[in-house]
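K.L.:
Compact mmCIF, C-alpha atoms, saved as start06.txt, coming up:
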# COMPACT_ATOMS: atom_id res chain seq x y z
CA MET A 1 -103.69 123.91 -54.69
CA THR A 2 -104.75 123.29 -51.10
CA ALA A 3 -103.72 125.57 -48.28
CA ALA A 4 -101.50 122.81 -46.89
CA HIS A 5 -99.57 122.66 -50.16
CA ASP A 6 -99.30 126.39 -50.83
CA PRO A 7 -95.65 127.18 -50.16
CA ARG A 8 -96.46 130.90 -50.06
CA ILE A 9 -98.21 130.47 -46.71
CA ALA A 10 -95.19 129.17 -44.81
CA ALA A 11 -92.97 131.71 -46.54
CA ALA A 12 -95.31 134.55 -45.55
CA GLU A 13 -95.40 133.32 -41.96
CA ARG A 14 -91.62 133.47 -41.96
CA VAL A 15 -91.76 137.06 -43.21
CA LEU A 16 -94.03 137.99 -40.30
CA ALA A 17 -91.88 136.10 -37.84
CA GLY A 18 -88.91 138.08 -39.16
CA HIS A 19 -90.78 141.20 -38.06
CA GLY A 20 -91.41 139.64 -34.66
CA VAL A 21 -95.09 138.94 -35.32
CA SER A 22 -96.73 135.53 -34.94
CA ALA A 23 -99.59 135.16 -37.38
CA GLU A 24 -102.07 132.72 -38.84
CA LEU A 25 -102.23 133.01 -42.62
CA SER A 26 -104.57 131.74 -45.29
CA ALA A 27 -104.90 132.29 -49.02
CA GLU A 28 -108.30 133.73 -49.90
CA GLY A 29 -110.14 135.03 -52.96
CA HIS A 30 -111.29 133.25 -56.10
CA GLU A 31 -107.72 133.14 -57.38
CA ARG A 32 -106.17 132.70 -53.91
CA GLU A 33 -104.73 136.15 -54.51
CA ILE A 34 -105.23 137.49 -50.97
CA ALA A 35 -102.92 136.72 -48.06
CA ALA A 36 -105.29 136.95 -45.09
CA VAL A 37 -103.33 137.60 -41.91
CA ARG A 38 -104.67 137.11 -38.40
CA VAL A 39 -102.59 138.47 -35.53
CA ALA A 40 -103.12 138.83 -31.80
CA GLU A 41 -104.40 142.02 -30.23
CA ASP A 42 -101.00 143.39 -29.23
CA ALA A 43 -99.64 143.29 -32.79
CA TRP A 44 -102.46 145.32 -34.30
CA ALA A 45 -101.02 148.80 -33.94
CA ARG A 46 -97.75 147.77 -35.58
CA MET A 47 -99.52 146.09 -38.47
CA LEU A 48 -101.56 149.20 -39.23
CA GLY A 49 -98.47 151.41 -39.26
CA ASP A 50 -95.39 151.61 -41.45
CA GLU A 51 -94.30 148.14 -40.44
CA GLY A 52 -97.52 146.66 -41.82
CA ALA A 53 -96.85 148.32 -45.17
CA ALA A 54 -93.34 146.85 -45.19
CA VAL A 55 -94.71 143.40 -44.33
CA ALA A 56 -97.29 143.74 -47.11
CA ALA A 57 -94.61 144.54 -49.68
CA GLU A 58 -92.57 141.48 -48.66
CA VAL A 59 -95.57 139.14 -48.67
CA ARG A 60 -96.78 140.45 -52.03
CA ALA A 61 -93.37 139.58 -53.44
CA LEU A 62 -94.16 135.94 -52.63
CA GLY A 63 -96.96 135.96 -55.20
CA PHE A 64 -99.98 137.46 -53.47
CA ARG A 65 -101.79 140.40 -55.05
CA TYR A 66 -103.14 141.70 -51.73
CA VAL A 67 -102.15 141.40 -48.09
CA ALA A 68 -104.90 142.08 -45.60
CA LEU A 69 -105.43 141.89 -41.87
CA ASP A 70 -108.41 140.02 -40.44
CA LEU A 71 -110.55 142.22 -38.23
CA ALA A 72 -111.35 139.24 -36.07
CA ALA A 73 -109.05 138.91 -33.11
CA GLY A 74 -106.44 136.21 -33.52
CA ASP A 75 -104.82 133.97 -30.94
CA ALA A 76 -101.59 133.72 -32.87
CA GLY A 77 -99.44 134.85 -30.01
CA GLY A 78 -98.98 138.46 -31.11
CA ALA A 79 -95.68 140.24 -31.16
CA GLY A 80 -92.78 138.00 -30.50
CA MET B 1 -103.44 177.57 -59.56
CA VAL B 2 -105.16 177.03 -62.90
CA PRO B 3 -103.34 178.54 -65.90
CA GLU B 4 -105.38 181.19 -67.69
CA SER B 5 -104.64 179.51 -71.02
CA LYS B 6 -106.43 176.35 -69.86
CA ARG B 7 -109.41 178.34 -68.61
CA GLN B 8 -109.72 180.08 -71.97
CA HIS B 9 -109.26 176.80 -73.81
CA LEU B 10 -112.12 175.19 -71.90
CA VAL B 11 -114.44 178.12 -72.58
CA HIS B 12 -113.50 177.98 -76.28
CA ILE B 13 -114.26 174.25 -76.49
CA LEU B 14 -117.63 174.67 -74.80
CA ARG B 15 -118.60 177.51 -77.16
CA GLU B 16 -117.59 175.31 -80.05
CA CYS B 17 -119.90 172.56 -78.75
CA GLY B 18 -122.82 175.02 -78.75
CA SER B 19 -125.36 173.06 -76.75
CA VAL B 20 -124.58 170.05 -74.62
CA VAL B 21 -125.77 166.97 -72.78
CA ILE B 22 -123.35 166.11 -69.98
CA GLY B 23 -122.87 162.69 -68.43
CA TYR B 24 -123.27 163.88 -64.86
CA SER B 25 -122.44 161.37 -62.12
CA GLY B 26 -122.25 163.80 -59.20
CA GLY B 27 -118.47 163.40 -59.07
CA VAL B 28 -115.87 166.18 -59.00
CA ASP B 29 -115.29 166.34 -62.76
CA SER B 30 -118.82 166.18 -64.12
CA VAL B 31 -120.18 168.62 -61.53
CA PHE B 32 -117.42 171.08 -62.44
CA LEU B 33 -118.02 170.64 -66.16
CA ALA B 34 -121.75 171.18 -65.78
CA ARG B 35 -121.22 174.31 -63.71
CA VAL B 36 -118.79 175.88 -66.20
CA ALA B 37 -120.95 174.85 -69.16
CA LEU B 38 -123.92 176.57 -67.51
CA ASP B 39 -121.88 179.79 -67.17
CA VAL B 40 -120.62 179.68 -70.74
CA LEU B 41 -123.67 178.40 -72.63
CA GLY B 42 -126.66 179.28 -70.45
CA ALA B 43 -129.38 177.03 -69.07
CA ASP B 44 -131.19 176.58 -72.38
CA ASN B 45 -128.12 174.92 -73.85
CA VAL B 46 -127.12 172.57 -71.05
CA LEU B 47 -128.63 169.37 -69.73
CA ALA B 48 -126.87 167.30 -67.07
CA VAL B 49 -127.97 163.66 -67.13
CA THR B 50 -127.39 161.17 -64.33
CA GLY B 51 -127.64 157.48 -65.16
CA LYS B 52 -129.49 155.68 -62.39
CA SER B 53 -128.73 152.02 -61.79
CA ASP B 54 -127.81 149.57 -59.04
CA SER B 55 -124.13 150.24 -59.69
CA ILE B 56 -124.37 153.91 -58.70
CA ALA B 57 -124.15 154.65 -54.99
CA SER B 58 -127.16 156.46 -53.58
CA TRP B 59 -124.95 159.21 -52.10
CA MET B 60 -123.64 160.02 -55.59
CA GLU B 61 -127.17 160.35 -56.87
CA ASP B 62 -128.01 162.61 -53.91
CA THR B 63 -124.98 164.81 -54.63
CA ALA B 64 -125.90 165.07 -58.31
CA ARG B 65 -129.45 166.12 -57.49
CA GLU B 66 -128.49 168.57 -54.73
CA VAL B 67 -125.76 170.34 -56.67
CA ALA B 68 -127.94 170.64 -59.78
CA GLY B 69 -130.71 172.18 -57.69
CA ARG B 70 -128.42 174.54 -55.82
CA PHE B 71 -126.66 175.90 -58.91
CA GLY B 72 -129.60 175.84 -61.30
CA ILE B 73 -128.15 173.21 -63.59
CA PRO B 74 -130.89 171.63 -65.76
CA TRP B 75 -130.89 168.00 -64.68
CA LEU B 76 -132.42 164.74 -65.74
CA GLU B 77 -132.20 161.30 -64.19
CA LEU B 78 -132.31 158.40 -66.58
CA GLU B 79 -132.55 154.73 -65.69
CA THR B 80 -129.87 152.70 -67.41
CA ARG B 81 -130.02 148.93 -67.96
CA GLU B 82 -126.45 147.71 -68.12
CA MET B 83 -127.34 144.95 -65.63
CA ASP B 84 -129.54 143.38 -68.31
CA ASP B 85 -126.50 142.87 -70.54
CA PRO B 86 -124.88 139.48 -69.78
CA ARG B 87 -121.58 140.75 -71.18
CA TYR B 88 -121.55 143.41 -68.44
CA ALA B 89 -122.81 141.13 -65.68
CA ALA B 90 -120.07 138.55 -66.39
CA ASN B 91 -117.61 141.25 -65.26
CA PRO B 92 -114.78 140.99 -67.78
CA SER B 93 -111.94 143.49 -67.53
CA ASN B 94 -113.64 145.60 -70.22
CA ARG B 95 -116.92 145.66 -68.24
CA CYS B 96 -116.94 149.47 -68.32
CA TYR B 97 -117.22 149.38 -72.10
CA PHE B 98 -120.66 147.73 -71.91
CA CYS B 99 -121.90 150.07 -69.19
CA LYS B 100 -120.69 153.18 -70.97
CA SER B 101 -122.07 151.96 -74.30
CA GLU B 102 -125.49 151.84 -72.68
CA LEU B 103 -125.03 155.25 -71.05
CA TRP B 104 -123.68 157.13 -74.07
CA THR B 105 -126.21 155.58 -76.45
CA ARG B 106 -129.01 156.73 -74.15
CA LEU B 107 -127.51 160.20 -73.78
CA ALA B 108 -127.05 160.52 -77.53
CA ASP B 109 -130.77 159.73 -77.88
CA VAL B 110 -131.62 162.42 -75.31
CA ALA B 111 -129.44 164.95 -77.13
CA ARG B 112 -131.11 164.15 -80.44
CA GLU B 113 -134.63 164.37 -78.98
CA ARG B 114 -133.93 167.74 -77.33
CA GLY B 115 -131.95 169.27 -80.16
CA LEU B 116 -128.73 169.52 -78.15
CA ARG B 117 -125.65 169.19 -80.32
CA THR B 118 -122.89 167.53 -78.33
CA VAL B 119 -122.58 164.89 -75.61
CA LEU B 120 -119.78 165.52 -73.09
CA ASP B 121 -118.04 163.50 -70.42
CA GLY B 122 -115.85 164.58 -67.49
CA SER B 123 -112.62 162.78 -68.38
CA ASN B 124 -109.60 164.85 -67.46
CA ALA B 125 -105.91 165.00 -68.38
CA ASP B 126 -104.92 162.63 -65.56
CA ASP B 127 -107.14 159.91 -66.98
CA VAL B 128 -104.95 159.38 -70.03
CA GLY B 129 -103.06 156.10 -69.87
CA ASP B 130 -105.33 154.44 -67.31
CA HIS B 131 -107.13 151.20 -68.14
CA ARG B 132 -110.37 152.82 -69.37
CA PRO B 133 -112.36 150.67 -71.77
CA GLY B 134 -115.28 153.05 -71.22
CA ALA B 135 -113.36 155.61 -73.26
CA VAL B 136 -113.78 153.38 -76.32
CA ALA B 137 -117.56 153.53 -75.90
CA ALA B 138 -117.35 157.31 -75.58
CA ALA B 139 -115.38 157.58 -78.81
CA GLU B 140 -117.85 155.32 -80.62
CA ASN B 141 -120.65 157.67 -79.61
CA ALA B 142 -118.78 160.87 -80.54
CA VAL B 143 -118.64 161.97 -76.91
CA ARG B 144 -116.27 164.88 -76.34
CA SER B 145 -114.09 165.37 -73.24
CA PRO B 146 -113.58 169.14 -72.82
CA LEU B 147 -111.59 168.87 -69.57
CA LEU B 148 -109.16 166.44 -71.14
CA GLU B 149 -109.00 168.50 -74.36
CA ALA B 150 -108.18 171.61 -72.34
CA GLY B 151 -105.44 169.71 -70.50
CA LEU B 152 -107.01 170.21 -67.08
CA THR B 153 -105.66 167.92 -64.37
CA LYS B 154 -107.63 166.65 -61.40
CA ALA B 155 -105.79 169.04 -59.07
CA GLU B 156 -106.65 171.99 -61.31
CA ILE B 157 -110.29 170.92 -61.51
CA ARG B 158 -110.43 170.72 -57.73
CA ALA B 159 -108.84 174.16 -57.38
CA TRP B 160 -111.21 175.75 -59.89
CA SER B 161 -114.19 173.94 -58.31
CA ARG B 162 -113.24 175.49 -54.99
CA GLU B 163 -113.16 178.96 -56.58
CA LEU B 164 -116.66 178.32 -57.90
CA GLY B 165 -117.91 177.27 -54.48
CA LEU B 166 -118.71 173.73 -55.57
CA PRO B 167 -119.12 171.39 -52.57
CA THR B 168 -117.52 168.60 -54.59
CA TRP B 169 -114.10 170.29 -54.79
CA ASP B 170 -112.55 167.93 -52.21
CA GLN B 171 -114.88 164.98 -52.69
CA PRO B 172 -113.01 161.67 -52.93
CA ALA B 173 -113.08 159.87 -56.26
CA ALA B 174 -116.19 157.72 -56.47
CA PRO B 175 -116.25 155.19 -59.28
CA CYS B 176 -119.26 152.92 -59.65
CA LEU B 177 -119.91 150.15 -57.14
CA ALA B 178 -119.18 147.42 -59.70
CA SER B 179 -115.55 148.56 -59.61
CA ARG B 180 -115.32 146.92 -56.17
CA ILE B 181 -115.88 143.43 -57.62
CA PRO B 182 -112.84 141.61 -59.05
CA TYR B 183 -113.02 140.76 -62.73
CA GLY B 184 -114.57 137.35 -63.30
CA ILE B 185 -116.92 137.50 -60.31
CA ALA B 186 -120.40 138.29 -61.62
CA VAL B 187 -121.89 141.71 -60.98
CA THR B 188 -125.29 141.16 -59.36
CA PRO B 189 -127.75 143.56 -57.72
CA GLU B 190 -127.28 141.66 -54.45
CA ARG B 191 -123.50 142.11 -54.44
CA LEU B 192 -123.85 145.79 -55.30
CA ARG B 193 -126.33 146.26 -52.45
CA GLN B 194 -123.90 144.57 -50.03
CA ILE B 195 -121.07 146.87 -51.11
CA GLU B 196 -123.21 149.98 -50.79
CA ALA B 197 -124.54 148.98 -47.37
CA ALA B 198 -121.04 148.24 -46.07
CA GLU B 199 -119.61 151.51 -47.42
CA LEU B 200 -122.51 153.46 -45.95
CA GLY B 201 -121.74 151.85 -42.59
CA LEU B 202 -118.10 152.89 -42.88
CA ARG B 203 -119.02 156.43 -43.91
CA ALA B 204 -121.24 156.61 -40.84
CA LEU B 205 -118.12 155.83 -38.79
CA GLY B 206 -116.40 158.83 -40.35
CA PHE B 207 -114.32 157.15 -43.07
CA ARG B 208 -114.42 159.37 -46.16
CA ASP B 209 -112.28 157.55 -48.68
CA VAL B 210 -112.89 153.85 -48.43
CA ARG B 211 -113.61 150.95 -50.78
CA VAL B 212 -115.22 147.64 -49.89
CA ARG B 213 -113.80 145.13 -52.34
CA HIS B 214 -116.18 142.19 -52.74
CA HIS B 215 -114.39 138.85 -52.86
CA ASP B 216 -117.53 136.71 -52.76
CA GLY B 217 -118.41 136.67 -49.09
CA LEU B 218 -115.14 138.18 -48.00
CA ALA B 219 -114.82 141.95 -47.76
CA ARG B 220 -111.37 143.46 -48.27
CA LEU B 221 -111.47 147.06 -47.11
CA GLU B 222 -109.21 149.65 -48.64
CA VAL B 223 -109.03 152.71 -46.41
CA HIS B 224 -107.14 155.85 -47.41
CA PRO B 225 -103.65 155.76 -45.83
CA ALA B 226 -104.47 158.95 -43.92
CA GLU B 227 -107.39 157.19 -42.23
CA ILE B 228 -105.94 153.73 -41.72
CA ALA B 229 -104.71 154.43 -38.17
CA ARG B 230 -108.36 154.98 -37.14
CA VAL B 231 -109.21 151.41 -38.07
CA ALA B 232 -107.86 150.03 -34.79
CA GLU B 233 -110.01 152.47 -32.83
CA HIS B 234 -113.22 151.45 -34.65
CA ARG B 235 -112.33 147.84 -35.35
CA ALA B 236 -115.33 146.16 -33.72
CA ARG B 237 -117.84 148.60 -35.21
CA ILE B 238 -116.29 148.26 -38.66
CA ALA B 239 -116.56 144.49 -38.50
CA GLU B 240 -120.14 144.75 -37.27
CA ALA B 241 -121.17 147.17 -40.03
CA VAL B 242 -119.61 145.13 -42.81
CA ARG B 243 -120.94 141.79 -41.55
CA ALA B 244 -124.40 143.32 -41.27
CA ALA B 245 -124.17 144.00 -45.00
CA GLY B 246 -123.83 140.26 -45.62
CA PHE B 247 -120.10 139.53 -45.57
CA ARG B 248 -118.86 136.56 -43.52
CA ARG B 249 -115.25 137.77 -43.13
CA VAL B 250 -113.76 141.26 -43.00
CA LEU B 251 -110.15 142.11 -43.87
CA ILE B 252 -108.35 145.43 -43.95
CA ASP B 253 -105.85 145.83 -46.79
CA LEU B 254 -102.44 146.75 -45.39
CA GLN B 255 -101.61 149.01 -48.32
CA GLY B 256 -104.76 151.05 -47.98
CA TYR B 257 -106.83 152.50 -50.78
CA ARG B 258 -105.24 153.03 -54.16
CA ARG B 259 -106.92 153.69 -57.46
CA GLY B 260 -107.30 150.70 -59.76
CA SER B 261 -106.15 148.11 -57.25
CA LEU B 262 -108.22 145.40 -58.92
CA ASN B 263 -106.06 145.82 -62.03
CA GLU B 264 -102.92 145.09 -60.02
CA GLY B 265 -101.00 142.02 -61.04
CA LEU B 266 -103.02 141.50 -64.21
CA ALA B 267 -101.02 141.14 -67.39
CA GLY B 268 -101.74 143.58 -70.19
CA ALA B 269 -103.39 140.84 -72.20
CA GLN B 270 -105.89 140.28 -69.37
CA LEU B 271 -106.98 143.90 -69.50
CA VAL B 272 -109.17 144.00 -72.57
CA GLN B 273 -109.23 147.60 -73.74
CA LEU B 274 -111.44 147.32 -76.78
CA GLY B 275 -115.13 146.82 -76.83
CA ALA B 276 -115.10 143.55 -78.76
CA TRP B 277 -116.60 140.69 -76.79
CA GLU B 278 -114.12 137.85 -76.57
Would you kindly transcribe this structure into structure tokens?
P.N.:
Amino acid sequence: MTAAHDPRIAAAERVLAGHGVSAELSAEGHEREIAAVRVAEDAWARMLGDEGAAVAAEVRALGFRYVALDLAAGDAGGAG
Amino acid sequence: MVPESKRQHLVHILRECGSVVIGYSGGVDSVFLARVALDVLGADNVLAVTGKSDSIASWMEDTAREVAGRFGIPWLELETREMDDPRYAANPSNRCYFCKSELWTRLADVARERGLRTVLDGSNADDVGDHRPGAVAAAENAVRSPLLEAGLTKAEIRAWSRELGLPTWDQPAAPCLASRIPYGIAVTPERLRQIEAAELGLRALGFRDVRVRHHDGLARLEVHPAEIARVAEHRARIAEAVRAAGFRRVLIDLQGYRRGSLNEGLAGAQLVQLGAWE
């Protein structure tokens, strides 16, 4: 399945948007089991706190085994 | 608090064993077992053996050596060759079986050569029920687990270790480096070196309980929840340290470190418990 056709990506982006966070997502890993999330600088603190754990639980429920934040800075627009 | 009955039970088991070779990784459990065995049986009847291979972090080897020297535990380092076994290198979910088969076979040989009666491991009561194919290899080689037999939990072993003045009493769990590679991705010396270099870099930044999961060029870091808030503070240096180890992309897992995370989401049938090669 290509990234463009992975329905989990759009669904995960909606989860993040529901938390007020704009993010770029990709499926990584040899089984595409990792949801790799890139957010802007101003969303970092929230993602590493309790809200990030809540986001992870919701995104995992979409079929990812792991949800992880990219250490590279994103230009996804940050907190909405 | 460690119940007196468990203390007595452990002493009884060790006396029953008579003379012992201990699989001694430098972790909390095996260091504790070696220390108590030394007290109960005396130095002539105890040999702690550390298996040396690419899958063992250098800091574990250092701890094993230092603690043995400090407490007078007879110690031997033995090179193991699990990497030469293609069944191990292919990294199936029962990978640990092949590694432990190599280790326990070698330790059984050492015990025989030195006239020591029993080979011991440091499994404890909390290990029961985990996915532990290595336990099958232990059983096949008649390895006994006195801590488990005495019903000692990890918390009790830590408490007793502290009483004994062992520096390992609060040491984080430290399974082998191959445990950072998802099943199905080959275990290679190069990948193990990358993991060790990245974890050393993170330890240098003050992270104590951290795992670098190797997803073939991508590093997924699991940091203990108590330390995860510090990631933002050290973000650039973390990325630099991990990339310097050879990873192209660095991710921080939002759930933090948890034991056995690479088993998550795998169906029971995918977790091969027995030693049979399939």
K.L.:
Sort by chain and increasing residue number a table of all residues of chain B within 12 Å of chain A, each with its closest pair of atoms and their distance in Å to one decimal, counting only C-alpha atoms, and write it as JSON lines.
P.N.:
{"residue": "B:Ile181", "atom": "CA", "partner": "A:Gly29", "partner_atom": "CA", "distance": 11.2}
{"residue": "B:Pro182", "atom": "CA", "partner": "A:His30", "partner_atom": "CA", "distance": 9.0}
{"residue": "B:Tyr183", "atom": "CA", "partner": "A:His30", "partner_atom": "CA", "distance": 10.2}
{"residue": "B:Gly184", "atom": "CA", "partner": "A:His30", "partner_atom": "CA", "distance": 8.9}
{"residue": "B:Ile185", "atom": "CA", "partner": "A:His30", "partner_atom": "CA", "distance": 8.2}
{"residue": "B:Ala186", "atom": "CA", "partner": "A:His30", "partner_atom": "CA", "distance": 11.8}
{"residue": "B:Arg213", "atom": "CA", "partner": "A:Gly29", "partner_atom": "CA", "distance": 10.8}
{"residue": "B:His214", "atom": "CA", "partner": "A:Gly29", "partner_atom": "CA", "distance": 9.4}
{"residue": "B:His215", "atom": "CA", "partner": "A:Gly29", "partner_atom": "CA", "distance": 5.7}
{"residue": "B:Asp216", "atom": "CA", "partner": "A:Gly29", "partner_atom": "CA", "distance": 7.6}
{"residue": "B:Gly217", "atom": "CA", "partner": "A:Gly29", "partner_atom": "CA", "distance": 9.3}
{"residue": "B:Leu218", "atom": "CA", "partner": "A:Gly29", "partner_atom": "CA", "distance": 7.7}
{"residue": "B:Ala219", "atom": "CA", "partner": "A:Gly29", "partner_atom": "CA", "distance": 9.8}
{"residue": "B:Arg220", "atom": "CA", "partner": "A:Ala68", "partner_atom": "CA", "distance": 7.1}
{"residue": "B:Leu221", "atom": "CA", "partner": "A:Ala68", "partner_atom": "CA", "distance": 8.4}
{"residue": "B:Glu222", "atom": "CA", "partner": "A:Ala68", "partner_atom": "CA", "distance": 9.2}
{"residue": "B:Val223", "atom": "CA", "partner": "A:Leu48", "partner_atom": "CA", "distance": 10.9}
{"residue": "B:His224", "atom": "CA", "partner": "A:Leu48", "partner_atom": "CA", "distance": 11.9}
{"residue": "B:Pro225", "atom": "CA", "partner": "A:Gly49", "partner_atom": "CA", "distance": 9.4}
{"residue": "B:Ala226", "atom": "CA", "partner": "A:Gly49", "partner_atom": "CA", "distance": 10.7}
{"residue": "B:Glu227", "atom": "CA", "partner": "A:Leu48", "partner_atom": "CA", "distance": 10.3}
{"residue": "B:Ile228", "atom": "CA", "partner": "A:Leu48", "partner_atom": "CA", "distance": 6.8}
{"residue": "B:Ala229", "atom": "CA", "partner": "A:Leu48", "partner_atom": "CA", "distance": 6.2}
{"residue": "B:Arg230", "atom": "CA", "partner": "A:Leu48", "partner_atom": "CA", "distance": 9.2}
{"residue": "B:Val231", "atom": "CA", "partner": "A:Leu48", "partner_atom": "CA", "distance": 8.0}
{"residue": "B:Ala232", "atom": "CA", "partner": "A:Ala45", "partner_atom": "CA", "distance": 7.0}
{"residue": "B:Glu233", "atom": "CA", "partner": "A:Ala45", "partner_atom": "CA", "distance": 9.8}
{"residue": "B:His234", "atom": "CA", "partner": "A:Leu71", "partner_atom": "CA", "distance": 10.3}
{"residue": "B:Arg235", "atom": "CA", "partner": "A:Leu71", "partner_atom": "CA", "distance": 6.6}
{"residue": "B:Ala236", "atom": "CA", "partner": "A:Leu71", "partner_atom": "CA", "distance": 7.7}
{"residue": "B:Arg237", "atom": "CA", "partner": "A:Leu71", "partner_atom": "CA", "distance": 10.1}
{"residue": "B:Ile238", "atom": "CA", "partner": "A:Leu71", "partner_atom": "CA", "distance": 8.3}
{"residue": "B:Ala239", "atom": "CA", "partner": "A:Leu71", "partner_atom": "CA", "distance": 6.4}
{"residue": "B:Glu240", "atom": "CA", "partner": "A:Leu71", "partner_atom": "CA", "distance": 10.0}
{"residue": "B:Ala241", "atom": "CA", "partner": "A:Leu71", "partner_atom": "CA", "distance": 11.9}
{"residue": "B:Val242", "atom": "CA", "partner": "A:Leu71", "partner_atom": "CA", "distance": 10.6}
{"residue": "B:Arg243", "atom": "CA", "partner": "A:Leu71", "partner_atom": "CA", "distance": 10.9}
{"residue": "B:Arg248", "atom": "CA", "partner": "A:Ala72", "partner_atom": "CA", "distance": 10.9}
{"residue": "B:Arg249", "atom": "CA", "partner": "A:Asp70", "partner_atom": "CA", "distance": 7.7}
{"residue": "B:Val250", "atom": "CA", "partner": "A:Leu71", "partner_atom": "CA", "distance": 5.8}
{"residue": "B:Leu251", "atom": "CA", "partner": "A:Asp70", "partner_atom": "CA", "distance": 4.4}
{"residue": "B:Ile252", "atom": "CA", "partner": "A:Leu69", "partner_atom": "CA", "distance": 5.0}
{"residue": "B:Asp253", "atom": "CA", "partner": "A:Ala68", "partner_atom": "CA", "distance": 4.0}
{"residue": "B:Leu254", "atom": "CA", "partner": "A:Ala68", "partner_atom": "CA", "distance": 5.3}
{"residue": "B:Gln255", "atom": "CA", "partner": "A:Ala53", "partner_atom": "CA", "distance": 5.7}
{"residue": "B:Gly256", "atom": "CA", "partner": "A:Ala53", "partner_atom": "CA", "distance": 8.8}
{"residue": "B:Tyr257", "atom": "CA", "partner": "A:Tyr66", "partner_atom": "CA", "distance": 11.5}
{"residue": "B:Arg258", "atom": "CA", "partner": "A:Tyr66", "partner_atom": "CA", "distance": 11.8}
{"residue": "B:Ser261", "atom": "CA", "partner": "A:Tyr66", "partner_atom": "CA", "distance": 9.0}
{"residue": "B:Leu262", "atom": "CA", "partner": "A:Arg65", "partner_atom": "CA", "distance": 9.0}
{"residue": "B:Asn263", "atom": "CA", "partner": "A:Arg65", "partner_atom": "CA", "distance": 9.8}
{"residue": "B:Glu264", "atom": "CA", "partner": "A:Arg65", "partner_atom": "CA", "distance": 6.9}
{"residue": "B:Gly265", "atom": "CA", "partner": "A:Arg65", "partner_atom": "CA", "distance": 6.3}
{"residue": "B:Leu266", "atom": "CA", "partner": "A:Arg65", "partner_atom": "CA", "distance": 9.3}
K.L.:
For A:Ala10, work out the shell of residues within 12 Å, counting all atoms listed in the file and skipping chain neighbours fewer than 6 positions away, then give it as a PDB file with C-alpha atoms, in the frame of the given file.
P.N.:
ATOM      1  CA  ALA A   3    -103.720 125.570 -48.280  1.00  0.00           C
ATOM      2  CA  ALA A   4    -101.500 122.810 -46.890  1.00  0.00           C
ATOM      3  CA  LEU A  16     -94.030 137.990 -40.300  1.00  0.00           C
ATOM      4  CA  ALA A  17     -91.880 136.100 -37.840  1.00  0.00           C
ATOM      5  CA  SER A  22     -96.730 135.530 -34.940  1.00  0.00           C
ATOM      6  CA  ALA A  23     -99.590 135.160 -37.380  1.00  0.00           C
ATOM      7  CA  GLU A  24    -102.070 132.720 -38.840  1.00  0.00           C
ATOM      8  CA  LEU A  25    -102.230 133.010 -42.620  1.00  0.00           C
ATOM      9  CA  SER A  26    -104.570 131.740 -45.290  1.00  0.00           C
ATOM     10  CA  ALA A  27    -104.900 132.290 -49.020  1.00  0.00           C
ATOM     11  CA  ALA A  35    -102.920 136.720 -48.060  1.00  0.00           C
ATOM     12  CA  VAL A  59     -95.570 139.140 -48.670  1.00  0.00           C
ATOM     13  CA  LEU A  62     -94.160 135.940 -52.630  1.00  0.00           C
TER      14      LEU A  62
END
K.L.:
Quick one: of B:Glu61, B:Asp84, B:Asp126, B:Glu156, who's nearest to B:Trp169, counting only C-alpha atoms?
P.N.:
B:Glu156
K.L.:
Near stretch 5-16 of chain B, within 7 Å and counting all atoms listed in the file, which residues show up once chain neighbours fewer than 4 positions away are dropped, as an MDAnalysis selection string?
P.N.:
chainID B and resid 37 40:41 146:147 150:152
K.L.:
With distances taken over all atoms listed in the file, which of B:Val20, B:Val136, B:Val187, B:Leu120 is nearest to B:Ala90?
P.N.:
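So, comparing all the options, the nearest one is B:Val187.
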K.L.:
So the first atom is atom CA of B:Val2 and the second is atom CA of B:Ala159; what is the distance between them in Å, to one decimal place?
P.N.:
7.2 Å
